[in-house]
file start.txt (compact mmCIF, C-alpha atoms)
# COMPACT_ATOMS: atom_id res chain seq x y z
CA GLN A 1 4.19 4.49 18.50
CA VAL A 2 4.34 2.49 15.29
CA GLN A 3 6.53 3.81 12.52
CA LEU A 4 6.02 2.99 8.87
CA VAL A 5 8.35 4.09 6.09
CA GLU A 6 7.64 3.63 2.40
CA SER A 7 10.22 3.34 -0.35
CA GLY A 8 10.35 2.50 -4.04
CA GLY A 9 8.24 5.24 -5.55
CA GLY A 10 9.30 7.21 -8.58
CA LEU A 11 8.64 7.73 -12.26
CA ALA A 12 7.51 4.93 -14.55
CA GLN A 13 6.29 4.80 -18.13
CA PRO A 14 2.83 3.51 -18.98
CA GLY A 15 3.01 -0.26 -19.07
CA GLY A 16 5.99 -0.28 -16.75
CA SER A 17 6.46 -1.60 -13.23
CA LEU A 18 7.40 -0.34 -9.80
CA ARG A 19 7.75 -2.10 -6.47
CA LEU A 20 6.87 -0.29 -3.26
CA SER A 21 8.08 -1.46 0.11
CA CYS A 22 6.97 -0.51 3.60
CA ALA A 23 9.16 -1.08 6.65
CA VAL A 24 7.13 -1.40 9.86
CA SER A 25 8.67 -0.92 13.30
CA ARG A 26 6.35 -3.49 14.87
CA ASN A 27 5.59 -7.04 13.82
CA ILE A 28 2.87 -6.79 11.19
CA PHE A 29 1.20 -9.95 12.50
CA ASP A 30 0.18 -7.86 15.53
CA PHE A 31 -2.19 -5.90 13.27
CA ASN A 32 -5.63 -6.81 11.94
CA ASP A 33 -4.43 -5.85 8.49
CA VAL A 34 -1.77 -3.85 6.67
CA GLY A 35 -1.79 -2.42 3.20
CA TRP A 36 -1.71 0.52 0.86
CA TYR A 37 -3.89 3.52 0.12
CA ARG A 38 -3.29 6.15 -2.50
CA GLN A 39 -4.36 9.73 -3.07
CA ALA A 40 -4.29 11.49 -6.41
CA PRO A 41 -4.46 15.29 -6.69
CA GLY A 42 -7.99 16.52 -6.06
CA LYS A 43 -9.26 13.07 -5.12
CA GLN A 44 -10.02 11.26 -1.90
CA ARG A 45 -7.65 8.70 -0.46
CA GLU A 46 -8.62 5.23 -1.66
CA LEU A 47 -7.72 1.71 -0.65
CA VAL A 48 -5.41 0.01 -3.15
CA ALA A 49 -4.73 -3.34 -1.49
CA ASN A 50 -4.44 -4.93 1.91
CA ILE A 51 -3.63 -8.23 3.54
CA ASN A 52 -5.04 -9.41 6.85
CA VAL A 53 -3.39 -11.39 9.61
CA GLY A 54 -4.72 -14.59 8.06
CA GLY A 55 -3.13 -13.81 4.72
CA VAL A 56 -6.33 -12.91 2.88
CA THR A 57 -5.76 -10.19 0.31
CA ASN A 58 -8.10 -7.53 -0.99
CA TYR A 59 -7.68 -5.26 -4.02
CA ALA A 60 -9.41 -2.27 -5.52
CA ASP A 61 -11.14 -3.21 -8.77
CA SER A 62 -8.96 -0.74 -10.64
CA VAL A 63 -5.75 -2.63 -9.77
CA LYS A 64 -6.88 -6.27 -9.78
CA GLY A 65 -4.68 -8.39 -11.98
CA ARG A 66 -1.97 -5.72 -12.09
CA PHE A 67 -0.90 -5.16 -8.48
CA THR A 68 0.16 -7.75 -5.93
CA ILE A 69 0.53 -7.21 -2.19
CA SER A 70 2.86 -9.40 -0.17
CA ARG A 71 4.53 -9.55 3.24
CA ASP A 72 7.71 -11.16 4.48
CA ASN A 73 7.64 -14.02 6.97
CA ALA A 74 9.81 -12.04 9.39
CA GLY A 75 6.82 -9.74 9.75
CA ASN A 76 8.41 -6.37 9.18
CA THR A 77 7.82 -5.54 5.53
CA VAL A 78 4.84 -5.14 3.27
CA ALA A 79 5.38 -4.81 -0.46
CA LEU A 80 3.24 -3.76 -3.40
CA GLN A 81 4.31 -4.97 -6.83
CA MET A 82 2.74 -2.75 -9.47
CA ASN A 83 2.74 -3.94 -13.08
CA THR A 84 1.18 -2.62 -16.25
CA LEU A 85 1.08 0.85 -14.76
CA LYS A 86 -1.33 3.43 -16.12
CA PRO A 87 -1.27 7.22 -15.91
CA GLU A 88 -4.28 7.03 -13.59
CA ASP A 89 -2.13 5.16 -11.07
CA THR A 90 -0.28 8.43 -10.45
CA ALA A 91 -0.72 9.30 -6.77
CA ILE A 92 0.95 9.42 -3.40
CA TYR A 93 0.94 5.90 -1.99
CA TYR A 94 0.59 5.45 1.76
CA CYS A 95 1.34 2.33 3.75
CA TYR A 96 -0.86 1.68 6.78
CA ALA A 97 -1.29 -0.75 9.64
CA ARG A 98 -4.60 -1.21 11.49
CA ILE A 99 -5.63 -2.55 14.88
CA LEU A 100 -9.40 -2.31 15.31
CA ARG A 101 -10.17 1.35 14.57
CA ARG A 102 -6.63 2.65 14.94
CA TYR A 103 -4.66 3.33 11.79
CA ASP A 104 -0.98 4.14 11.67
CA TRP A 105 0.38 5.69 8.48
CA GLY A 106 3.62 6.17 6.67
CA PRO A 107 4.51 9.59 5.21
CA GLY A 108 3.81 8.41 1.65
CA THR A 109 5.77 7.94 -1.53
CA GLN A 110 5.07 9.55 -4.89
CA VAL A 111 4.33 7.37 -7.90
CA THR A 112 4.15 9.09 -11.27
CA VAL A 113 3.23 7.24 -14.45
CA SER A 114 3.97 9.28 -17.53
CA SER A 115 5.64 9.01 -20.90
call {"tool": "encode", "arguments": {"input": "start.txt", "output": "structure tokens"}}
result
Amino acid sequence: QVQLVESGGGLAQPGGSLRLSCAVSRNIFDFNDVGWYRQAPGKQRELVANINVGGVTNYADSVKGRFTISRDNAGNTVALQMNTLKPEDTAIYYCYARILRRYDWGPGTQVTVSS
């Protein structure tokens, strides 16, 4: 059983920054890809960003140029640097790890962008 635990959420002002981190109990290079989804109230969960085993990154159009996903070489942490935050970035952010069709999820961390 893979365990993922997010940290770093909280309250930020519009234009501000937050950095999310996800600790994974298994080496992330064992997975096809790892990344972040988010779910805002009343909306479906959506992909924010991911990075595959080869290091290729993928971003939602709404966060391109503002968010950056990274991983550590030790293979246990995935981070999401979020800059120029907007109120519409408010959501619960979930870390995930995927092997083929199997997804493992963290419990989520709340991000609120408000003045």
call {"tool": "closest_residue", "arguments": {"input": "start.txt", "among": "A:Ala91, A:Ala12, A:Val111, A:Leu100", "to": "Gln44 (chain A)", "atoms": "all atoms listed in the file"}}
result
A:Ala91
call {"tool": "residues_around", "arguments": {"input": "start.txt", "residues": "Ala97 (chain A)", "least_positions_apart": "5", "cutoff": "10 Å", "atoms": "only C-alpha atoms", "output": "PyMOL selection string"}}
result
chain A and resi 2-4+24+26+28-36+50-52+78+102-106
call {"tool": "closest_residue", "arguments": {"input": "start.txt", "among": "A:Val113, A:Ala60, A:Val53, A:Cys95", "to": "Leu80 (chain A)", "atoms": "only C-alpha atoms"}}
result
A:Cys95
call {"tool": "residues_around", "arguments": {"input": "start.txt", "residues": "Leu11 (chain A)", "least_positions_apart": "2", "cutoff": "9 Å", "atoms": "only C-alpha atoms", "output": "ChimeraX atom specification"}}
result
/A:9,13,18,110-114
call {"tool": "axis_aligned_box", "arguments": {"input": "start.txt", "around": "region 92-111 of chain A", "padding_each_side": "5 Å", "output": "lines of an AutoDock Vina configuration file"}}
result
center_x = -2.2
center_y = 3.5
center_z = 3.7
size_x = 25.9
size_y = 22.1
size_z = 33.2
call {"tool": "build_atoms", "arguments": {"input": "start.txt", "residues": "region 69-80 of chain A", "atoms": "all heavy atoms", "output": "compact mmCIF listing (two decimals), in the frame of the given file"}}
result
# COMPACT_ATOMS: atom_id res chain seq x y z
N ILE A 69 0.04 -7.55 -3.52
CA ILE A 69 0.53 -7.21 -2.19
C ILE A 69 1.14 -8.46 -1.57
O ILE A 69 0.65 -9.58 -1.78
CB ILE A 69 -0.59 -6.64 -1.30
CG1 ILE A 69 -0.02 -6.09 0.01
CG2 ILE A 69 -1.69 -7.67 -1.05
CD1 ILE A 69 -1.03 -5.28 0.82
N SER A 70 2.22 -8.26 -0.83
CA SER A 70 2.86 -9.40 -0.17
C SER A 70 3.48 -8.92 1.14
O SER A 70 3.62 -7.72 1.38
CB SER A 70 3.93 -10.02 -1.07
OG SER A 70 4.95 -9.08 -1.36
N ARG A 71 3.86 -9.87 1.97
CA ARG A 71 4.53 -9.55 3.24
C ARG A 71 5.63 -10.58 3.45
O ARG A 71 5.57 -11.69 2.92
CB ARG A 71 3.53 -9.60 4.40
CG ARG A 71 2.92 -10.98 4.61
CD ARG A 71 1.81 -10.97 5.63
NE ARG A 71 1.25 -12.31 5.80
CZ ARG A 71 0.16 -12.58 6.48
NH1 ARG A 71 -0.53 -11.60 7.06
NH2 ARG A 71 -0.27 -13.83 6.60
N ASP A 72 6.62 -10.21 4.24
CA ASP A 72 7.71 -11.16 4.48
C ASP A 72 7.40 -11.94 5.75
O ASP A 72 6.68 -11.48 6.64
CB ASP A 72 9.04 -10.42 4.60
CG ASP A 72 9.14 -9.62 5.87
OD1 ASP A 72 8.14 -8.98 6.26
OD2 ASP A 72 10.22 -9.62 6.49
N ASN A 73 7.94 -13.14 5.84
CA ASN A 73 7.64 -14.02 6.97
C ASN A 73 8.23 -13.49 8.28
O ASN A 73 7.75 -13.87 9.35
CB ASN A 73 8.17 -15.42 6.69
CG ASN A 73 7.38 -16.14 5.62
OD1 ASN A 73 6.19 -15.86 5.43
ND2 ASN A 73 8.02 -17.05 4.91
N ALA A 74 9.24 -12.63 8.17
CA ALA A 74 9.81 -12.04 9.39
C ALA A 74 8.84 -11.06 10.03
O ALA A 74 8.98 -10.71 11.20
CB ALA A 74 11.13 -11.35 9.07
N GLY A 75 7.87 -10.58 9.21
CA GLY A 75 6.82 -9.74 9.75
C GLY A 75 7.14 -8.27 9.89
O GLY A 75 6.54 -7.59 10.72
N ASN A 76 8.06 -7.77 9.05
CA ASN A 76 8.41 -6.37 9.18
C ASN A 76 8.24 -5.56 7.90
O ASN A 76 8.44 -4.36 7.92
CB ASN A 76 9.87 -6.24 9.62
CG ASN A 76 10.10 -6.84 10.99
OD1 ASN A 76 10.78 -7.85 11.12
ND2 ASN A 76 9.52 -6.24 12.01
N THR A 77 7.89 -6.22 6.80
CA THR A 77 7.82 -5.54 5.53
C THR A 77 6.58 -5.93 4.76
O THR A 77 6.21 -7.11 4.72
CB THR A 77 9.06 -5.85 4.66
OG1 THR A 77 10.24 -5.52 5.39
CG2 THR A 77 9.02 -5.06 3.36
N VAL A 78 5.97 -4.93 4.17
CA VAL A 78 4.84 -5.14 3.27
C VAL A 78 5.23 -4.54 1.92
O VAL A 78 5.73 -3.42 1.87
CB VAL A 78 3.57 -4.45 3.78
CG1 VAL A 78 2.40 -4.73 2.84
CG2 VAL A 78 3.25 -4.90 5.18
N ALA A 79 5.00 -5.28 0.86
CA ALA A 79 5.38 -4.81 -0.46
C ALA A 79 4.17 -4.73 -1.38
O ALA A 79 3.17 -5.42 -1.18
CB ALA A 79 6.43 -5.73 -1.07
N LEU A 80 4.28 -3.87 -2.37
CA LEU A 80 3.24 -3.76 -3.40
C LEU A 80 3.93 -3.77 -4.76
O LEU A 80 4.64 -2.83 -5.11
CB LEU A 80 2.44 -2.47 -3.23
CG LEU A 80 1.26 -2.30 -4.18
CD1 LEU A 80 0.16 -3.34 -3.85
CD2 LEU A 80 0.69 -0.90 -4.10
